[in-house]
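Shown below: target-v6.pdb, with PDB, C-alpha atoms, pLDDT in the B column.
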ATOM      1  CA  MET Q  50      13.403   0.525  15.633  1.00 76.00           C
ATOM      2  CA  THR Q  51      16.123   0.058  13.056  1.00 86.00           C
ATOM      3  CA  GLU Q  52      15.650  -1.668   9.724  1.00 91.00           C
ATOM      4  CA  ASP Q  53      17.425  -4.805  11.008  1.00 92.00           C
ATOM      5  CA  GLU Q  54      15.270  -4.891  14.146  1.00 92.00           C
ATOM      6  CA  LEU Q  55      12.113  -4.542  12.072  1.00 93.00           C
ATOM      7  CA  LEU Q  56      13.233  -7.293   9.704  1.00 95.00           C
ATOM      8  CA  GLN Q  57      13.922  -9.619  12.642  1.00 96.00           C
ATOM      9  CA  HIS Q  58      10.530  -8.745  14.117  1.00 95.00           C
ATOM     10  CA  VAL Q  59       8.784  -9.760  10.872  1.00 96.00           C
ATOM     11  CA  ILE Q  60      10.849 -12.962  10.660  1.00 96.00           C
ATOM     12  CA  ASN Q  61       9.763 -13.783  14.228  1.00 97.00           C
ATOM     13  CA  LYS Q  62       6.132 -13.279  13.220  1.00 96.00           C
ATOM     14  CA  ILE Q  63       6.583 -15.654  10.276  1.00 96.00           C
ATOM     15  CA  GLU Q  64       8.232 -18.232  12.536  1.00 97.00           C
ATOM     16  CA  SER Q  65       5.335 -17.904  15.000  1.00 96.00           C
ATOM     17  CA  LEU Q  66       3.187 -19.417  12.236  1.00 95.00           C
ATOM     18  CA  ASN Q  67       5.416 -22.553  12.399  1.00 96.00           C
ATOM     19  CA  ILE Q  68       7.195 -21.630   9.178  1.00 95.00           C
ATOM     20  CA  THR Q  69      10.924 -22.282   8.917  1.00 96.00           C
ATOM     21  CA  VAL Q  70      12.792 -19.204   7.682  1.00 96.00           C
ATOM     22  CA  LYS Q  71      16.220 -19.504   6.065  1.00 96.00           C
ATOM     23  CA  ALA Q  72      18.571 -16.920   4.578  1.00 95.00           C
ATOM     24  CA  SER Q  73      20.307 -17.639   1.282  1.00 95.00           C
ATOM     25  CA  ASP Q  74      22.143 -15.202  -0.949  1.00 92.00           C
ATOM     26  CA  GLU Q  75      21.943 -17.741  -3.786  1.00 92.00           C
ATOM     27  CA  ILE Q  76      18.350 -16.960  -4.752  1.00 92.00           C
ATOM     28  CA  GLY Q  77      17.829 -14.207  -7.309  1.00 90.00           C
ATOM     29  CA  VAL Q  78      14.772 -12.619  -5.692  1.00 90.00           C
ATOM     30  CA  SER Q  79      14.180 -11.082  -2.288  1.00 92.00           C
ATOM     31  CA  ALA Q  80      12.070 -13.959  -0.881  1.00 92.00           C
ATOM     32  CA  PHE Q  81       9.879 -17.000  -1.471  1.00 88.00           C
ATOM     33  CA  ILE Q  82       7.345 -18.419   0.940  1.00 91.00           C
ATOM     34  CA  SER Q  83       5.234 -21.565   0.940  1.00 89.00           C
ATOM     35  CA  PRO Q  84       2.664 -21.421   3.736  1.00 87.00           C
ATOM     36  CA  VAL Q  85       1.415 -24.885   2.777  1.00 87.00           C
ATOM     37  CA  GLN Q  86       4.860 -26.499   3.022  1.00 91.00           C
ATOM     38  CA  TYR Q  87       5.886 -24.287   5.976  1.00 92.00           C
ATOM     39  CA  TRP Q  88       9.090 -22.761   4.613  1.00 94.00           C
ATOM     40  CA  CYS Q  89      10.397 -19.354   3.649  1.00 95.00           C
ATOM     41  CA  VAL Q  90      13.747 -18.436   2.111  1.00 96.00           C
ATOM     42  CA  TYR Q  91      15.043 -14.905   1.656  1.00 96.00           C
ATOM     43  CA  ASN Q  92      18.091 -13.209   0.227  1.00 96.00           C
ATOM     44  CA  PRO Q  93      19.632 -10.963   2.934  1.00 95.00           C
ATOM     45  CA  LYS Q  94      21.313  -8.841   0.243  1.00 95.00           C
ATOM     46  CA  LEU Q  95      18.022  -8.066  -1.542  1.00 95.00           C
ATOM     47  CA  ILE Q  96      15.347  -8.210   1.162  1.00 96.00           C
ATOM     48  CA  SER Q  97      13.596  -5.154   2.571  1.00 96.00           C
ATOM     49  CA  VAL Q  98      11.370  -5.078   5.620  1.00 97.00           C
ATOM     50  CA  TYR Q  99       8.423  -4.507   3.311  1.00 97.00           C
ATOM     51  CA  ASP Q 100       9.307  -7.571   1.198  1.00 95.00           C
ATOM     52  CA  MET Q 101       9.391  -9.773   4.293  1.00 97.00           C
ATOM     53  CA  ALA Q 102       6.157  -8.256   5.651  1.00 97.00           C
ATOM     54  CA  HIS Q 103       4.569  -8.962   2.261  1.00 94.00           C
ATOM     55  CA  GLU Q 104       5.617 -12.620   2.552  1.00 94.00           C
ATOM     56  CA  TYR Q 105       4.298 -12.723   6.119  1.00 96.00           C
ATOM     57  CA  MET Q 106       0.890 -11.639   4.836  1.00 94.00           C
ATOM     58  CA  HIS Q 107       0.893 -14.512   2.346  1.00 92.00           C
ATOM     59  CA  ALA Q 108       1.632 -16.881   5.223  1.00 92.00           C
ATOM     60  CA  TYR Q 109      -0.913 -15.273   7.541  1.00 93.00           C
ATOM     61  CA  TYR Q 110      -3.688 -15.637   4.953  1.00 89.00           C
ATOM     62  CA  LYS Q 111      -2.366 -19.036   3.787  1.00 88.00           C
ATOM     63  CA  ASP Q 112      -2.103 -17.988   0.141  1.00 82.00           C
ATOM     64  CA  ASP Q 113      -1.217 -21.255  -1.532  1.00 75.00           C
ATOM     65  CA  ARG Q 114      -0.916 -20.560  -5.244  1.00 67.00           C
ATOM     66  CA  ARG Q 115       0.136 -18.002  -7.788  1.00 60.00           C
ATOM     67  CA  LEU Q 116      -1.931 -17.106 -10.807  1.00 54.00           C
ATOM     68  CA  SER Q 117       1.155 -16.705 -12.984  1.00 52.00           C
ATOM     69  CA  GLU Q 118       4.857 -15.905 -12.743  1.00 56.00           C
ATOM     70  CA  CYS Q 119       4.043 -12.202 -12.560  1.00 61.00           C
ATOM     71  CA  ASP Q 120       0.700 -12.026 -10.779  1.00 64.00           C
ATOM     72  CA  THR Q 121       1.012  -8.543  -9.301  1.00 63.00           C
ATOM     73  CA  LEU Q 122      -2.648  -7.811  -9.983  1.00 63.00           C
ATOM     74  CA  SER Q 123      -4.070 -10.878  -8.234  1.00 73.00           C
ATOM     75  CA  PRO Q 124      -6.277 -10.240  -5.192  1.00 82.00           C
ATOM     76  CA  ALA Q 125      -3.776 -12.056  -2.927  1.00 83.00           C
ATOM     77  CA  GLU Q 126      -0.894  -9.840  -4.092  1.00 86.00           C
ATOM     78  CA  LYS Q 127      -2.912  -6.653  -3.723  1.00 85.00           C
ATOM     79  CA  ARG Q 128      -3.990  -7.684  -0.225  1.00 88.00           C
ATOM     80  CA  ALA Q 129      -0.444  -8.649   0.787  1.00 90.00           C
ATOM     81  CA  ASN Q 130       0.874  -5.287  -0.459  1.00 90.00           C
ATOM     82  CA  LYS Q 131      -1.743  -3.294   1.435  1.00 90.00           C
ATOM     83  CA  GLU Q 132      -1.666  -5.358   4.631  1.00 92.00           C
ATOM     84  CA  ALA Q 133       2.142  -5.276   4.771  1.00 94.00           C
ATOM     85  CA  ILE Q 134       2.111  -1.481   4.646  1.00 94.00           C
ATOM     86  CA  LEU Q 135      -0.611  -1.300   7.298  1.00 91.00           C
ATOM     87  CA  MET Q 136       1.186  -3.698   9.665  1.00 94.00           C
ATOM     88  CA  LEU Q 137       4.486  -1.823   9.335  1.00 95.00           C
ATOM     89  CA  TRP Q 138       2.722   1.538   9.666  1.00 92.00           C
ATOM     90  CA  ASP Q 139       1.082   0.387  12.889  1.00 91.00           C
ATOM     91  CA  TRP Q 140       4.494  -0.488  14.334  1.00 92.00           C
ATOM     92  CA  PHE Q 141       5.917   2.816  13.072  1.00 92.00           C
ATOM     93  CA  VAL Q 142       3.194   4.821  14.831  1.00 89.00           C
ATOM     94  CA  GLN Q 143       3.612   2.771  18.027  1.00 90.00           C
ATOM     95  CA  ASN Q 144       7.256   3.829  18.003  1.00 89.00           C
ATOM     96  CA  GLY Q 145       6.498   7.548  17.650  1.00 89.00           C
ATOM     97  CA  GLY Q 146       6.028   7.973  13.887  1.00 86.00           C
ATOM     98  CA  SER Q 147       3.291  10.141  12.402  1.00 84.00           C
ATOM     99  CA  SER Q 148       1.687  10.850   9.036  1.00 79.00           C
ATOM    100  CA  ASP Q 149       4.222  13.671   8.603  1.00 81.00           C
ATOM    101  CA  ASP Q 150       6.996  11.052   8.486  1.00 88.00           C
ATOM    102  CA  ILE Q 151       5.881   8.975   5.471  1.00 90.00           C
ATOM    103  CA  ILE Q 152       9.177   9.536   3.630  1.00 93.00           C
ATOM    104  CA  GLN Q 153      11.179   8.342   6.643  1.00 94.00           C
ATOM    105  CA  PHE Q 154       8.835   5.355   6.998  1.00 94.00           C
ATOM    106  CA  CYS Q 155       9.393   4.376   3.358  1.00 95.00           C
ATOM    107  CA  GLU Q 156      13.174   4.734   3.687  1.00 95.00           C
ATOM    108  CA  ILE Q 157      13.257   2.435   6.727  1.00 94.00           C
ATOM    109  CA  THR Q 158      10.830  -0.210   5.475  1.00 96.00           C
ATOM    110  CA  GLY Q 159      11.340  -0.190   1.713  1.00 96.00           C
ATOM    111  CA  CYS Q 160       7.636   0.460   1.068  1.00 95.00           C
ATOM    112  CA  GLN Q 161       6.817   2.175  -2.221  1.00 93.00           C
ATOM    113  CA  TYR Q 162       6.226   5.859  -1.472  1.00 91.00           C
ATOM    114  CA  GLU Q 163       3.221   6.523  -3.731  1.00 86.00           C
ATOM    115  CA  ALA Q 164       1.217   3.514  -2.564  1.00 87.00           C
ATOM    116  CA  THR Q 165       2.079   4.214   1.062  1.00 89.00           C
ATOM    117  CA  GLN Q 166       1.297   7.907   0.843  1.00 84.00           C
ATOM    118  CA  ARG Q 167      -2.063   7.246  -0.822  1.00 79.00           C
ATOM    119  CA  LEU Q 168      -3.009   4.551   1.718  1.00 82.00           C
ATOM    120  CA  ILE Q 169      -1.898   6.427   4.829  1.00 83.00           C
ATOM    121  CA  THR Q 170      -3.358   9.794   3.864  1.00 74.00           C
ATOM    122  CA  SER Q 171      -6.673   8.167   2.982  1.00 70.00           C
ATOM    123  CA  MET Q 172      -6.723   6.561   6.431  1.00 72.00           C
ATOM    124  CA  CYS Q 173      -6.024   9.917   8.077  1.00 67.00           C
ATOM    125  CA  CYS Q 174      -8.780  11.690   6.158  1.00 63.00           C
ATOM    126  CA  ASP Q 175     -12.014  12.001   8.128  1.00 62.00           C
ATOM    127  CA  MET Q 176     -14.877  11.328   5.712  1.00 63.00           C
ATOM    128  CA  SER Q 177     -17.498  10.594   8.346  1.00 62.00           C
ATOM    129  CA  ASN Q 178     -19.436  13.775   7.690  1.00 73.00           C
ATOM    130  CA  LYS Q 179     -18.327  14.611   4.143  1.00 78.00           C
ATOM    131  CA  SER Q 180     -20.364  14.272   1.003  1.00 86.00           C
ATOM    132  CA  PHE Q 181     -18.885  13.214  -2.325  1.00 85.00           C
ATOM    133  CA  ARG Q 182     -18.771  16.881  -3.342  1.00 88.00           C
ATOM    134  CA  GLU Q 183     -17.034  17.921  -0.102  1.00 88.00           C
ATOM    135  CA  CYS Q 184     -14.439  15.197  -0.627  1.00 86.00           C
ATOM    136  CA  ALA Q 185     -13.819  16.480  -4.162  1.00 87.00           C
ATOM    137  CA  ILE Q 186     -13.370  20.030  -2.871  1.00 87.00           C
ATOM    138  CA  ASP Q 187     -11.029  18.784  -0.138  1.00 85.00           C
ATOM    139  CA  TYR Q 188      -9.027  16.796  -2.709  1.00 84.00           C
ATOM    140  CA  ILE Q 189      -8.678  19.760  -5.082  1.00 85.00           C
ATOM    141  CA  SER Q 190      -7.632  22.035  -2.231  1.00 84.00           C
ATOM    142  CA  ARG Q 191      -4.541  19.874  -1.686  1.00 80.00           C
ATOM    143  CA  PHE Q 192      -2.994  21.104  -4.965  1.00 78.00           C
ATOM    144  CA  ASP Q 193      -1.137  24.393  -5.374  1.00 78.00           C
ATOM    145  CA  ILE Q 194      -1.702  24.384  -9.136  1.00 78.00           C
ATOM    146  CA  ILE Q 195      -4.531  22.470 -10.768  1.00 75.00           C
ATOM    147  CA  THR Q 196      -4.046  21.181 -14.295  1.00 71.00           C
ATOM    148  CA  ARG Q 197      -5.263  18.190 -16.241  1.00 66.00           C
ATOM    149  CA  ASP Q 198      -1.985  16.496 -15.318  1.00 69.00           C
ATOM    150  CA  THR Q 199      -2.151  17.026 -11.541  1.00 72.00           C
ATOM    151  CA  LEU Q 200      -5.617  15.553 -10.999  1.00 78.00           C
ATOM    152  CA  ASN Q 201      -6.053  11.824 -11.262  1.00 82.00           C
ATOM    153  CA  ILE Q 202      -9.601  10.579 -10.880  1.00 86.00           C
ATOM    154  CA  TYR Q 203      -8.554   7.100  -9.750  1.00 84.00           C
ATOM    155  CA  ASN Q 204      -6.269   8.623  -7.096  1.00 81.00           C
ATOM    156  CA  PHE Q 205      -9.193  10.732  -5.887  1.00 84.00           C
ATOM    157  CA  LEU Q 206     -11.446   7.676  -5.625  1.00 84.00           C
ATOM    158  CA  ASP Q 207      -8.756   5.642  -3.843  1.00 79.00           C
ATOM    159  CA  PHE Q 208      -7.865   8.496  -1.497  1.00 79.00           C
ATOM    160  CA  TYR Q 209     -11.434   8.738  -0.169  1.00 81.00           C
ATOM    161  CA  GLY Q 210     -12.218   5.035  -0.360  1.00 77.00           C
ATOM    162  CA  TYR Q 211     -14.746   5.220  -3.195  1.00 81.00           C
ATOM    163  CA  HIS Q 212     -15.193   2.352  -5.630  1.00 77.00           C
ATOM    164  CA  HIS Q 213     -13.920   2.869  -9.177  1.00 80.00           C
ATOM    165  CA  ASN Q 214     -17.532   2.503 -10.375  1.00 82.00           C
ATOM    166  CA  ALA Q 215     -17.914   6.143  -9.284  1.00 84.00           C
ATOM    167  CA  TYR Q 216     -15.411   7.222 -11.968  1.00 88.00           C
ATOM    168  CA  ASP Q 217     -17.928   8.991 -14.229  1.00 88.00           C
ATOM    169  CA  GLU Q 218     -19.532  10.841 -11.320  1.00 89.00           C
ATOM    170  CA  ALA Q 219     -16.102  11.897 -10.001  1.00 89.00           C
ATOM    171  CA  ARG Q 220     -14.963  13.013 -13.454  1.00 88.00           C
ATOM    172  CA  ALA Q 221     -18.070  15.164 -13.924  1.00 88.00           C
ATOM    173  CA  LEU Q 222     -17.773  16.691 -10.464  1.00 88.00           C
ATOM    174  CA  LEU Q 223     -14.058  17.457 -10.791  1.00 86.00           C
ATOM    175  CA  TYR Q 224     -14.747  18.973 -14.234  1.00 82.00           C
ATOM    176  CA  GLU Q 225     -17.439  21.168 -12.733  1.00 84.00           C
ATOM    177  CA  LEU Q 226     -15.183  22.277  -9.877  1.00 85.00           C
ATOM    178  CA  CYS Q 227     -12.088  22.896 -12.011  1.00 79.00           C
ATOM    179  CA  TRP Q 228     -13.725  24.337 -15.141  1.00 66.00           C
ATOM    180  CA  PHE Q 229     -11.796  22.283 -17.654  1.00 57.00           C
ATOM    181  CA  GLU Q 230     -12.249  18.980 -19.429  1.00 50.00           C
ATOM    182  CA  LEU Q 231     -10.511  16.071 -17.747  1.00 47.00           C
ATOM    183  CA  VAL Q 232      -9.286  13.684 -20.417  1.00 46.00           C
ATOM    184  CA  TYR Q 233      -8.399  10.154 -19.244  1.00 45.00           C
TER     185      TYR Q 233
END
So that I can check it, write out the structure of this file as structure tokens.
Amino acid sequence: MTEDELLQHVINKIESLNITVKASDEIGVSAFISPVQYWCVYNPKLISVYDMAHEYMHAYYKDDRRLSECDTLSPAEKRANKEAILMLWDWFVQNGGSSDDIIQFCEITGCQYEATQRLITSMCCDMSNKSFRECAIDYISRFDIITRDTLNIYNFLDFYGYHHNAYDEARALLYELCWFELVY
């Protein structure tokens, strides 16, 4: 699928929720959506497939308010970001994409590479039979050179789906495995 075909596919999904979608190059942002008032407007010059998928997720979950003008850390925004990537990734895989093609996926959809790479690789990692220690060893083995700067404890926890409450345990274990003090 091309970028334009994907964008139209997402617009069709938004319209299937009985939301009217209009294009306007007069707005200064990529898109606005109001699931409660059943409208969406987007700027065709600024919009990416990811942006529209993000708005679709707000409509799908009927998110009806913002916490502030810049509420990027709200639960609804975090969920919309993650779910948009997952929906687009599912379509990408259905059309022959694989986890080796994350860069191509990001170029087509406009998804942020780091967030996408972390999410997709964590989904592809089989943790069913791995202990916390085995996950730490697996994580460390992914680096050619290990320094204080290459290891990020929060990335490790996110990669394997652990809660951030396990930070101290992860820090101690990574310190033990790498033989140097991790300062964060």
Would you kindly return, as number ranges by chain, each protein, DNA or RNA residue with an atom no farther than 10 Å from any atom of Leu223 in chain Q, considering all atoms listed in the file and excluding same-chain residues fewer than 2 positions away? Q: 182, 185-186, 188-189, 200-202, 205, 217-221, 225-231
Restricting the output to C-alpha atoms, write the selected residues as a tab-separated table (two decimals), in the coordinates of the input.
chain	number	residue	atom	x	y	z
Q	182	ARG	CA	-18.77	16.88	-3.34
Q	185	ALA	CA	-13.82	16.48	-4.16
Q	186	ILE	CA	-13.37	20.03	-2.87
Q	188	TYR	CA	-9.03	16.80	-2.71
Q	189	ILE	CA	-8.68	19.76	-5.08
Q	200	LEU	CA	-5.62	15.55	-11.00
Q	201	ASN	CA	-6.05	11.82	-11.26
Q	202	ILE	CA	-9.60	10.58	-10.88
Q	205	PHE	CA	-9.19	10.73	-5.89
Q	217	ASP	CA	-17.93	8.99	-14.23
Q	218	GLU	CA	-19.53	10.84	-11.32
Q	219	ALA	CA	-16.10	11.90	-10.00
Q	220	ARG	CA	-14.96	13.01	-13.45
Q	221	ALA	CA	-18.07	15.16	-13.92
Q	225	GLU	CA	-17.44	21.17	-12.73
Q	226	LEU	CA	-15.18	22.28	-9.88
Q	227	CYS	CA	-12.09	22.90	-12.01
Q	228	TRP	CA	-13.72	24.34	-15.14
Q	229	PHE	CA	-11.80	22.28	-17.65
Q	230	GLU	CA	-12.25	18.98	-19.43
Q	231	LEU	CA	-10.51	16.07	-17.75
I'd like the residues picked by the PyMOL selection byres ((chain Q and resi 157) around 10) written out as a PyMOL selection string, using the chain letters and numbers from the file. chain Q and resi 50-53+55+97-99+141+151-156+158-160
Specify as a ChimeraX atom specification each residue included when the PyMOL selection byres ((chain Q and resi 164) around 12) is applied to this file. /Q:127,130-135,151-152,155,159-163,165-171,204,207-208
Residues around (12.2, -18.2, 13.2), cut-off 12 Å, counting all atoms listed in the file - what are they as number ranges by chain? Q: 56-72, 87-90, 105
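The spacing separating CA of Ser148 in chain Q from CA of Pro93 in chain Q amounts to 28.9 Å.
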Which distance in Å separates CA of Ser180 in chain Q and CA of Thr199 in chain Q, to one decimal? 22.3 Å
Atom pair CA of Ala80 in chain Q / CA of Asn92 in chain Q: separation (Å):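 Pair CA of Ala80 in chain Q / CA of Asn92 in chain Q returns 6.2 Å.
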Give me, as a CSV table (one decimal) with C-alpha atoms, keeping the file's coordinate frame, all polymer residues having an atom no more than 9 Å from Ser83 in chain Q, counting only C-alpha atoms and skipping those fewer than 6 positions away in the same chain.
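File produced: result.csv:
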chain,number,residue,atom,x,y,z
Q,68,ILE,CA,7.2,-21.6,9.2
Q,89,CYS,CA,10.4,-19.4,3.6
Q,107,HIS,CA,0.9,-14.5,2.3
Q,108,ALA,CA,1.6,-16.9,5.2
Q,111,LYS,CA,-2.4,-19.0,3.8
Q,112,ASP,CA,-2.1,-18.0,0.1
Q,113,ASP,CA,-1.2,-21.3,-1.5
Q,114,ARG,CA,-0.9,-20.6,-5.2
Judged by only C-alpha atoms, the minimum distance to Met172 in chain Q among Q:Tyr209, Q:Ser190, Q:Ser147, Q:Asp74 is found for Q:Tyr209
Adding 3 Å on each side of the box along x, y and z that holds all listed atoms of range 200-212 of chain Q, could you give its centre and edge lengths in Å to one decimal, as JSON?
{"center_x": -10.4, "center_y": 9.0, "center_z": -5.7, "size_x": 15.6, "size_y": 19.2, "size_z": 17.1}
